Structure formats: structure tokens, C-alpha cells
Amino acid sequence: MTQSKPPVAQDSKDYVPASPPQFSEAEKHGIQNALSHYLPNELLCTRAAFGGSRLTYVEGWRVISIANQIFGFNGWSSTIKDTNVDFVMSPDNRYSLGLSCTVRVTLKDGSCHEDVGYGSIDNAKTKAQAFEKAKKEAVTDGLKRALRMFGNALGNCLYDKEYLKQLGRFSVQKVSHSSVSYIHIIPQTSKWTTPLPTSLAY
């Protein structure tokens with residue numbers, strides 16, 4: 001019986017790593033168009049911030065949902081690059097801590113953005129509870145900050161102060177174009193009058 005020869009190791013000098021899959025030109029156009037849209041008012045939340053002001057934000061689950069629709073469920077991924085504990089205090093058997101983490105978002109073609117998120121908690125009953133809450137908060141914050149660098153539809157519009165001033169003046173209308181239904185944002189200025197597909201708005 002003839003024995004097969006073991007495979008010969010490939011010379012590292014001849015090895016060419018496989019290039020990452022690319023978005024088609026049609027996909028690139030669709031992604032760029034979708035990312036340019038400003039988020040309508042009904043997708044946003046507000047909460048109290050420092051000095052009695054209000055902070056406008058988009059929830060983490062919604063940003064992930066929009067990213068899945070724009071890039072595809074297998075068109076992007078996220079990676080936690082590092083985590084740093086800034087402080088831990090435990091007076092009277094209560095735990096307060098703050099930590100930061102760096103999150104990178106990578107598209108299937110290799111393009112990526114990363115940013116730092118922060119999480120904190122005061123007076124948690126246990127150390128495990130404190131770390132669980134702070135880490136989840138930091139990762140979600142970092143993910144949202146990294147995703148928003150791709151465009152308005154993923155939260156970058158929330159850093160536009162003029163847009164935030166106009167939010168309370170928006171009216172929302174549903175209009176139809178061909179076989180696709182859109183939500184159209186109608187502010188007093190014409191800057192944000194591009195339609196956002198309702199598939200991104202659930």
C-alpha cells in the first residue's frame with residue numbers, strides 16, 4: 001500500500017494573504033446613501049445631563065439594528081481592544097467604580113473605526129454587580145461611538161448642534177416612492193430633508 005506524502009509547507013515568502021471580501025459598487029452606493037440620513041426624532045431618546053441640561057441619544061440596541069440593516073448582519077463586527085479601570089472605591093461595603101474600554105468596529109472590506117467608551121456605577125451592593133454594570137455600559141458606549149464615525153444614520157448627526165436645536169421643530173410625514181415607503185423629515189431648513197427608509201426606523 002502506497003503511503004501519501006505529507007503536504008509540503010508553503011514558503012512564507014510565497015504566501016499571499018487572502019484579501020477581505022469587498023462591497024460591490026451597488027452596495028457601496030446604497031451604504032453611503034443610507035449613512036448620510038439624519039435620524040428622525042422618533043428614534044431618539046433624551047435624559048438628564050450635567051447642569052440641568054438634556055442629552056439626546058440613540059439606544060444601543062437600535063444602533064446595532066440599523067448597522068445590521070445598512071452593512072448586513074455579516075458585514076461588520078466589533079472587537080474590544082482593551083479595558084482600563086480608572087478607580088474603585090468600597091466604603092461601607094458599597095462599591096463605586098469607573099472604567100473605560102476601546103471598541104473597534106470593522107466592516108467586511110477591512111475599513112474600521114474605533115473609539116473609547118466609559119461606564120461607571122455608585123454604591124453597588126457587590127463588586128461583581130459593579131463591574132458587570134460598568135463594563136456593559138462602557139462596551140455599549142464605545143460601540144456606539146465607533147459606529148457613529150461611519151455616518152449620520154449611526155448617530156453622528158447627534159453631534160450636530162444646529163440639528164439638535166431643530167429637533168423640536170420637526171414634523172414627520174410618511175410618503176411613498178415607487179414600492180418603498182419612507183419616513184420624511186421636514187425641518188424648517190432644507191438641510192435634513194433627505195428621506196430615511198422605514199426599514200431603518202423600526
# chains A, B, ... in the order shown; residues from 1 in each chain; ligands from 1
$ select_by_dssp --residues "region 97-183 of chain A" --states "helix (DSSP H, G or I)" --output "ChimeraX atom specification"
/A:127-148,152-154,156-159,161-169
$ closest_atom_pairs --of "region 30-100 of chain A" --to "region 122-135 of chain A" --cutoff "12 Å" --atoms "only C-alpha atoms" --output "Markdown table"
| residue | atom | partner | partner_atom | distance |
| --- | --- | --- | --- | --- |
| A:Ile80 | CA | A:Lys135 | CA | 10.9 |
| A:Asp82 | CA | A:Lys135 | CA | 11.3 |
| A:Thr83 | CA | A:Lys135 | CA | 8.5 |
| A:Asn84 | CA | A:Lys135 | CA | 9.9 |
| A:Val85 | CA | A:Phe131 | CA | 9.5 |
| A:Asp86 | CA | A:Ala134 | CA | 11.2 |
| A:Phe87 | CA | A:Phe131 | CA | 11.3 |
| A:Val88 | CA | A:Lys127 | CA | 9.3 |
| A:Met89 | CA | A:Asp122 | CA | 9.0 |
| A:Ser90 | CA | A:Asn123 | CA | 8.0 |
| A:Pro91 | CA | A:Asn123 | CA | 8.6 |
| A:Asp92 | CA | A:Asn123 | CA | 9.2 |
| A:Asn93 | CA | A:Lys125 | CA | 7.3 |
| A:Arg94 | CA | A:Asn123 | CA | 4.8 |
| A:Tyr95 | CA | A:Ala124 | CA | 4.9 |
| A:Ser96 | CA | A:Asp122 | CA | 4.2 |
| A:Leu97 | CA | A:Asp122 | CA | 6.7 |
| A:Gly98 | CA | A:Ala134 | CA | 6.6 |
| A:Leu99 | CA | A:Ala134 | CA | 6.7 |
| A:Ser100 | CA | A:Lys135 | CA | 7.9 |
$ write_last_selection --atoms "C-alpha atoms" --output "mmCIF file, in the first residue's frame"
data_model
loop_
_atom_site.group_PDB
_atom_site.id
_atom_site.type_symbol
_atom_site.label_atom_id
_atom_site.label_comp_id
_atom_site.auth_asym_id
_atom_site.auth_seq_id
_atom_site.Cartn_x
_atom_site.Cartn_y
_atom_site.Cartn_z
ATOM 1 C CA ILE A 80 -12.975 45.092 22.482
ATOM 2 C CA ASP A 82 -8.661 46.983 25.853
ATOM 3 C CA THR A 83 -10.273 47.793 29.193
ATOM 4 C CA ASN A 84 -8.872 50.117 31.866
ATOM 5 C CA VAL A 85 -10.191 50.532 35.409
ATOM 6 C CA ASP A 86 -9.952 54.190 36.397
ATOM 7 C CA PHE A 87 -10.989 53.901 40.031
ATOM 8 C CA VAL A 88 -12.538 51.511 42.556
ATOM 9 C CA MET A 89 -13.868 52.617 45.941
ATOM 10 C CA SER A 90 -15.591 50.461 48.550
ATOM 11 C CA PRO A 91 -16.625 52.488 51.608
ATOM 12 C CA ASP A 92 -19.100 50.809 53.968
ATOM 13 C CA ASN A 93 -19.174 47.630 51.853
ATOM 14 C CA ARG A 94 -20.572 49.539 48.863
ATOM 15 C CA TYR A 95 -18.731 49.611 45.552
ATOM 16 C CA SER A 96 -18.223 52.548 43.221
ATOM 17 C CA LEU A 97 -16.049 52.316 40.131
ATOM 18 C CA GLY A 98 -15.399 53.740 36.704
ATOM 19 C CA LEU A 99 -13.724 52.115 33.729
ATOM 20 C CA SER A 100 -13.090 52.748 30.056
#
$ residues_around --residues "Asn156 (chain A)" --least-positions-apart "2" --cutoff "12 Å" --atoms "only C-alpha atoms" --output "list in words"
Leu35, Ser36, His37, Tyr38, Leu39, Thr56, Tyr57, Val58, Val63, Lys144, Arg145, Ala146, Leu147, Arg148, Met149, Phe150, Gly151, Asn152, Ala153, Leu154, Leu158, Tyr159, Asp160, Lys161, Tyr163 and Leu164 of chain A
$ atom_distance --atom1 "CA of Gly75 (chain A)" --atom2 "CA of Gly119 (chain A)"
27.4 Å
$ closest_residue --among "A:Gly155, A:Gly117, A:Gly51, A:Pro20" --to "Ala67 (chain A)" --atoms "only C-alpha atoms"
A:Gly155
$ atom_distance --atom1 "CA of Ser120 (chain A)" --atom2 "CA of Glu137 (chain A)"
7.5 Å
$ atom_distance --atom1 "CA of Ile31 (chain A)" --atom2 "CA of Lys108 (chain A)"
12.8 Å
$ residues_around --residues "Gly30 (chain A)" --least-positions-apart "4" --cutoff "12 Å" --atoms "only C-alpha atoms" --output "JSON, numbers by chain"
{"A": [23, 24, 25, 26, 34, 35, 36, 37, 69, 70, 71, 72, 197]}
$ write_last_selection --atoms "C-alpha atoms" --output "mmCIF file, in the first residue's frame"
data_model
loop_
_atom_site.group_PDB
_atom_site.id
_atom_site.type_symbol
_atom_site.label_atom_id
_atom_site.label_comp_id
_atom_site.auth_asym_id
_atom_site.auth_seq_id
_atom_site.Cartn_x
_atom_site.Cartn_y
_atom_site.Cartn_z
ATOM 1 C CA PHE A 23 -18.655 45.530 -1.069
ATOM 2 C CA SER A 24 -19.949 45.739 -4.622
ATOM 3 C CA GLU A 25 -20.290 49.168 -6.221
ATOM 4 C CA ALA A 26 -24.062 48.957 -5.780
ATOM 5 C CA ALA A 34 -28.129 55.233 3.937
ATOM 6 C CA LEU A 35 -25.362 56.585 6.189
ATOM 7 C CA SER A 36 -25.987 60.154 5.031
ATOM 8 C CA HIS A 37 -29.508 60.291 6.511
ATOM 9 C CA GLN A 69 -29.558 46.732 8.034
ATOM 10 C CA ILE A 70 -27.011 49.063 6.432
ATOM 11 C CA PHE A 71 -23.956 46.758 6.371
ATOM 12 C CA GLY A 72 -25.682 43.368 6.571
ATOM 13 C CA PRO A 197 -36.191 54.332 4.625
#
